[in-house]
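Student: Pasting a structure below so you can have a look.
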Amino acid sequence: MSFDRSVKIAPSILSADFADFGREIQAVEAEGADWIHVDVMDGHFVPNLTFGPPLVKAIRKHVTTVMDVHLMIAPVDPYIDAFADAGADILTAHLEAGPHTHRTLQAIRGAGVKAGLALNPGTPVEAAGPLLDLCDLVLVMTVNPGFGGQSFIASQVEQVRRLRDMIGDRPIHIETDGGVDPKTARSVVEAGADVLVAGSAVFRGGSVSNPAPYGENIRAIRQAAQG
Ligand code: DX5
Ligand code: ZN
């Protein structure tokens, strides 16, 4: 996984057919997805429940790009090894998930996985400052985590801009997640984001038997993002 700041579209399988993840992943990759974003929710840190390490391991063999695993769970540390063994390329933990995020990021890297730090909309990006040298990615949430299909929180664009200044020339991706579509993509990329997670805006209108809309949706987001 080499580093660059080109725009990457990361479809969230939260909006895919849960009974057919393997073929859904193959379909969005064939239609131009750069990364595959996997939303793990525990019904405690966020008010929704999705899936755990066995499912992540089962879908890993269908991912040929980058498996980007967003952990919306608390605590995080007891599950790091299981998600690393499941084959995550990136494991992203929330700053708000516990008091020892520094330790969590060290543990993720210690497990041989790239480390991501996620920030809820209510968290100032400046809180990430002391942790940046432990991060390969910072995820700025553009909705409150828990559900797909929510409205983009436009005030987060300014937070992305401040984070981009803080990062300088360090090789750290900036990812945004929530409400990203052709209308909102340009604003976050202009502010400095390079990885755009999109669930409903990628999967709407298509299916494994009719995947062409996935490609149209991905191209529309990418074109809008690049301006
Ligand atoms: C929200 C998740 C997102 C979500 C994005 O908690 O982290 O990845 O699936 O969905 P859309 O793109 O539909 O807002
Ligand atoms: Zn996510």
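Chain labels follow the order of the structure tokens: the first chain is A, the next B, and so on; residue numbering restarts at 1 in every chain, and ligands are counted from 1 in their shown order.
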For A:Ser207, please output as a VMD selection string all residues within 9 Å (counting only C-alpha atoms; exclusion window: fewer than 4 positions along the same chain).

Tutor: chain A and resid 16 to 17 24 27 203 211 to 214

Student: Which neighbours of A:Leu132 fall inside 9 Å, counting only C-alpha atoms, when residues of the same chain fewer than 4 positions from it are skipped, and could you give them as a PDB file with N, CA and C atoms, in the first residue's frame?

Tutor:
```
ATOM      1  N   LEU A 117      -7.190   7.029  12.880  1.00  0.00           N
ATOM      2  CA  LEU A 117      -7.831   7.678  14.023  1.00  0.00           C
ATOM      3  C   LEU A 117      -9.077   8.390  13.518  1.00  0.00           C
ATOM      4  N   ALA A 128      -6.326  15.643  17.744  1.00  0.00           N
ATOM      5  CA  ALA A 128      -5.520  14.608  17.096  1.00  0.00           C
ATOM      6  C   ALA A 128      -4.031  14.971  17.073  1.00  0.00           C
ATOM      7  N   ASP A 136      -1.599   6.620  10.241  1.00  0.00           N
ATOM      8  CA  ASP A 136      -1.453   6.541   8.784  1.00  0.00           C
ATOM      9  C   ASP A 136      -2.646   7.196   8.095  1.00  0.00           C
ATOM     10  N   LEU A 137      -3.708   7.435   8.866  1.00  0.00           N
ATOM     11  CA  LEU A 137      -4.958   7.993   8.313  1.00  0.00           C
ATOM     12  C   LEU A 137      -5.705   8.675   9.452  1.00  0.00           C
ATOM     13  N   VAL A 138      -6.331   9.793   9.150  1.00  0.00           N
ATOM     14  CA  VAL A 138      -7.288  10.388  10.095  1.00  0.00           C
ATOM     15  C   VAL A 138      -8.625  10.476   9.380  1.00  0.00           C
ATOM     16  N   MET A 166      -2.457  20.900   9.836  1.00  0.00           N
ATOM     17  CA  MET A 166      -1.712  20.253  10.919  1.00  0.00           C
ATOM     18  C   MET A 166      -0.806  19.141  10.383  1.00  0.00           C
ATOM     19  N   ILE A 167      -1.285  18.421   9.373  1.00  0.00           N
ATOM     20  CA  ILE A 167      -0.551  17.251   8.860  1.00  0.00           C
ATOM     21  C   ILE A 167       0.679  17.661   8.060  1.00  0.00           C
ATOM     22  N   ARG A 170       3.435  15.254   6.174  1.00  0.00           N
ATOM     23  CA  ARG A 170       3.478  13.876   6.682  1.00  0.00           C
ATOM     24  C   ARG A 170       2.587  12.966   5.825  1.00  0.00           C
ATOM     25  N   ILE A 172       0.020  11.061   5.748  1.00  0.00           N
ATOM     26  CA  ILE A 172      -1.174  10.654   6.498  1.00  0.00           C
ATOM     27  C   ILE A 172      -2.396  10.949   5.627  1.00  0.00           C
TER      28      ILE A 172
END
```

Student: Can you pull out every residue within 6 Å of stretch 2-13 of chain A, counting only C-alpha atoms, but drop anything in the same chain fewer than 5 positions away, and send it as a list of chain:residue names?

Tutor: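 So, after excluding close chain neighbours, the residues are A:Ala33, A:Asp34, A:Trp35, A:Ile36, A:His37, A:Val38, A:Asp194, A:Val195, A:Leu196, A:Val197, A:Ala198, A:Gly199.
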
Student: For the residues selected in the previous step, produce a file with N, CA and C atoms as an mmCIF file, in the first residue's frame.

Tutor:
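The result, stored in part-v4.cif:
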```cif
data_model
loop_
_atom_site.group_PDB
_atom_site.id
_atom_site.type_symbol
_atom_site.label_atom_id
_atom_site.label_comp_id
_atom_site.auth_asym_id
_atom_site.auth_seq_id
_atom_site.Cartn_x
_atom_site.Cartn_y
_atom_site.Cartn_z
ATOM 1 N N ALA A 33 -14.037 0.996 -7.617
ATOM 2 C CA ALA A 33 -13.728 1.332 -6.219
ATOM 3 C C ALA A 33 -12.223 1.244 -5.985
ATOM 4 N N ASP A 34 -11.695 2.185 -5.203
ATOM 5 C CA ASP A 34 -10.257 2.165 -4.892
ATOM 6 C C ASP A 34 -9.980 1.387 -3.612
ATOM 7 N N TRP A 35 -10.821 1.560 -2.605
ATOM 8 C CA TRP A 35 -10.706 0.833 -1.344
ATOM 9 C C TRP A 35 -12.099 0.286 -1.020
ATOM 10 N N ILE A 36 -12.151 -0.687 -0.106
ATOM 11 C CA ILE A 36 -13.429 -1.177 0.416
ATOM 12 C C ILE A 36 -13.502 -0.808 1.897
ATOM 13 N N HIS A 37 -14.561 -0.082 2.257
ATOM 14 C CA HIS A 37 -14.728 0.423 3.627
ATOM 15 C C HIS A 37 -15.715 -0.465 4.388
ATOM 16 N N VAL A 38 -15.290 -0.917 5.560
ATOM 17 C CA VAL A 38 -16.057 -1.904 6.329
ATOM 18 C C VAL A 38 -16.408 -1.283 7.680
ATOM 19 N N ASP A 194 -8.419 13.009 0.928
ATOM 20 C CA ASP A 194 -8.066 12.217 -0.260
ATOM 21 C C ASP A 194 -8.817 10.882 -0.324
ATOM 22 N N VAL A 195 -9.393 10.417 0.783
ATOM 23 C CA VAL A 195 -10.168 9.174 0.760
ATOM 24 C C VAL A 195 -11.620 9.513 1.075
ATOM 25 N N LEU A 196 -12.515 9.214 0.137
ATOM 26 C CA LEU A 196 -13.935 9.533 0.315
ATOM 27 C C LEU A 196 -14.718 8.238 0.483
ATOM 28 N N VAL A 197 -15.249 8.038 1.682
ATOM 29 C CA VAL A 197 -16.146 6.915 1.922
ATOM 30 C C VAL A 197 -17.533 7.315 1.417
ATOM 31 N N ALA A 198 -18.180 6.398 0.710
ATOM 32 C CA ALA A 198 -19.557 6.669 0.290
ATOM 33 C C ALA A 198 -20.322 5.349 0.277
ATOM 34 N N GLY A 199 -21.449 5.347 0.956
ATOM 35 C CA GLY A 199 -22.290 4.154 1.007
ATOM 36 C C GLY A 199 -23.464 4.286 0.076
#
```

Student: Contacts of stretch 191-193 of chain A at 6 Å or less, counting only C-alpha atoms, minus same-chain residues fewer than 4 places along, as a PyMOL selection string?

Tutor: chain A and resi 160-161+164+174-175

Student: Using the selection just defined, write its residues with N, CA and C atoms as a short mmCIF file (atom, residue, chain, number, x, y, z; two decimals), in the first residue's frame.

Tutor:
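out.cif written:
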```cif
data_model
loop_
_atom_site.label_atom_id
_atom_site.label_comp_id
_atom_site.auth_asym_id
_atom_site.auth_seq_id
_atom_site.Cartn_x
_atom_site.Cartn_y
_atom_site.Cartn_z
N VAL A 160 -11.68 19.63 8.31
CA VAL A 160 -10.76 18.94 7.39
C VAL A 160 -9.63 19.90 7.00
N ARG A 161 -9.98 21.14 6.74
CA ARG A 161 -8.97 22.15 6.34
C ARG A 161 -7.93 22.35 7.44
N ARG A 164 -5.71 19.32 7.64
CA ARG A 164 -4.75 19.28 6.52
C ARG A 164 -3.53 20.16 6.83
N ILE A 174 -6.24 11.69 4.72
CA ILE A 174 -7.42 12.27 5.36
C ILE A 174 -8.64 11.67 4.67
N GLU A 175 -9.49 11.04 5.48
CA GLU A 175 -10.68 10.36 4.97
C GLU A 175 -11.90 11.07 5.54
#
```

Student: Taking only C-alpha atoms and all ligand atoms into account, which residues have an atom no farther than 10 Å from ligand 1? I'd like them as a PyMOL selection string.

Tutor: chain A and resi 10-16+37-41+46-48+69-72+118+120+139+141-152+176-181+196-204

Student: Contacts of A:Gly32 at 8 Å or less, counting only C-alpha atoms, minus same-chain residues fewer than 6 places along, as a CSV table (one decimal) with N, CA and C atoms, in the first residue's frame?

Tutor:
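Produced file selection_9.csv, reproduced below:
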```
chain,number,residue,atom,x,y,z
A,215,GLY,N,-20.8,1.8,-11.1
A,215,GLY,CA,-19.7,2.5,-11.8
A,215,GLY,C,-20.0,3.9,-12.1
A,218,ILE,N,-19.7,5.9,-8.9
A,218,ILE,CA,-18.3,6.1,-8.5
A,218,ILE,C,-17.7,7.2,-9.3
A,219,ARG,N,-18.0,7.1,-10.6
A,219,ARG,CA,-17.4,8.1,-11.6
A,219,ARG,C,-17.9,9.5,-11.3
```

Student: Could you check which of A:Gly129, A:Gly116, A:Pro171, A:Gly206 is closest to ligand 2, using only C-alpha atoms and all ligand atoms?

Tutor: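 Using only C-alpha atoms and all ligand atoms, ligand 2 sits closest to A:Gly116.
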
Student: Rank A:Glu126, A:Glu216, A:Asp89, A:Glu31 by their smallest atom-to-atom distance to A:Val66, using only C-alpha atoms, and report the top residue only.

Tutor: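 The answer is A:Asp89, which sits nearest to A:Val66.
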
Student: DSSP on the backbone: which residues in stretch 80-164 of chain A end up as strand (DSSP E)? Give the answer as a list of chain:residue names.

Tutor: A:Ile90, A:Leu91, A:Thr92, A:Ala93, A:His94, A:Lys114, A:Ala115, A:Gly116, A:Leu117, A:Ala118, A:Leu119, A:Leu137, A:Val138, A:Leu139, A:Val140, A:Met141

Student: Skipping near chain neighbours, those fewer than 5 positions away, what residues fall within 10 Å of A:Lys183 using only C-alpha atoms, listed as a ChimeraX atom specification?

Tutor: /A:152,220-221,224-225

Student: Counting only C-alpha atoms and all ligand atoms, which residue out of A:Arg186, A:Lys57, A:His94, A:His173 sits closest to ligand 2?

Tutor: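 Closest to ligand 2, using only C-alpha atoms and all ligand atoms: A:His94.
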
Student: Suppose you want the space between atom CA of A:Pro124 and atom CA of A:Gly43; what is it in Å?

Tutor: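 Calculated distance between atom CA of A:Pro124 and atom CA of A:Gly43 is 24.2 Å.
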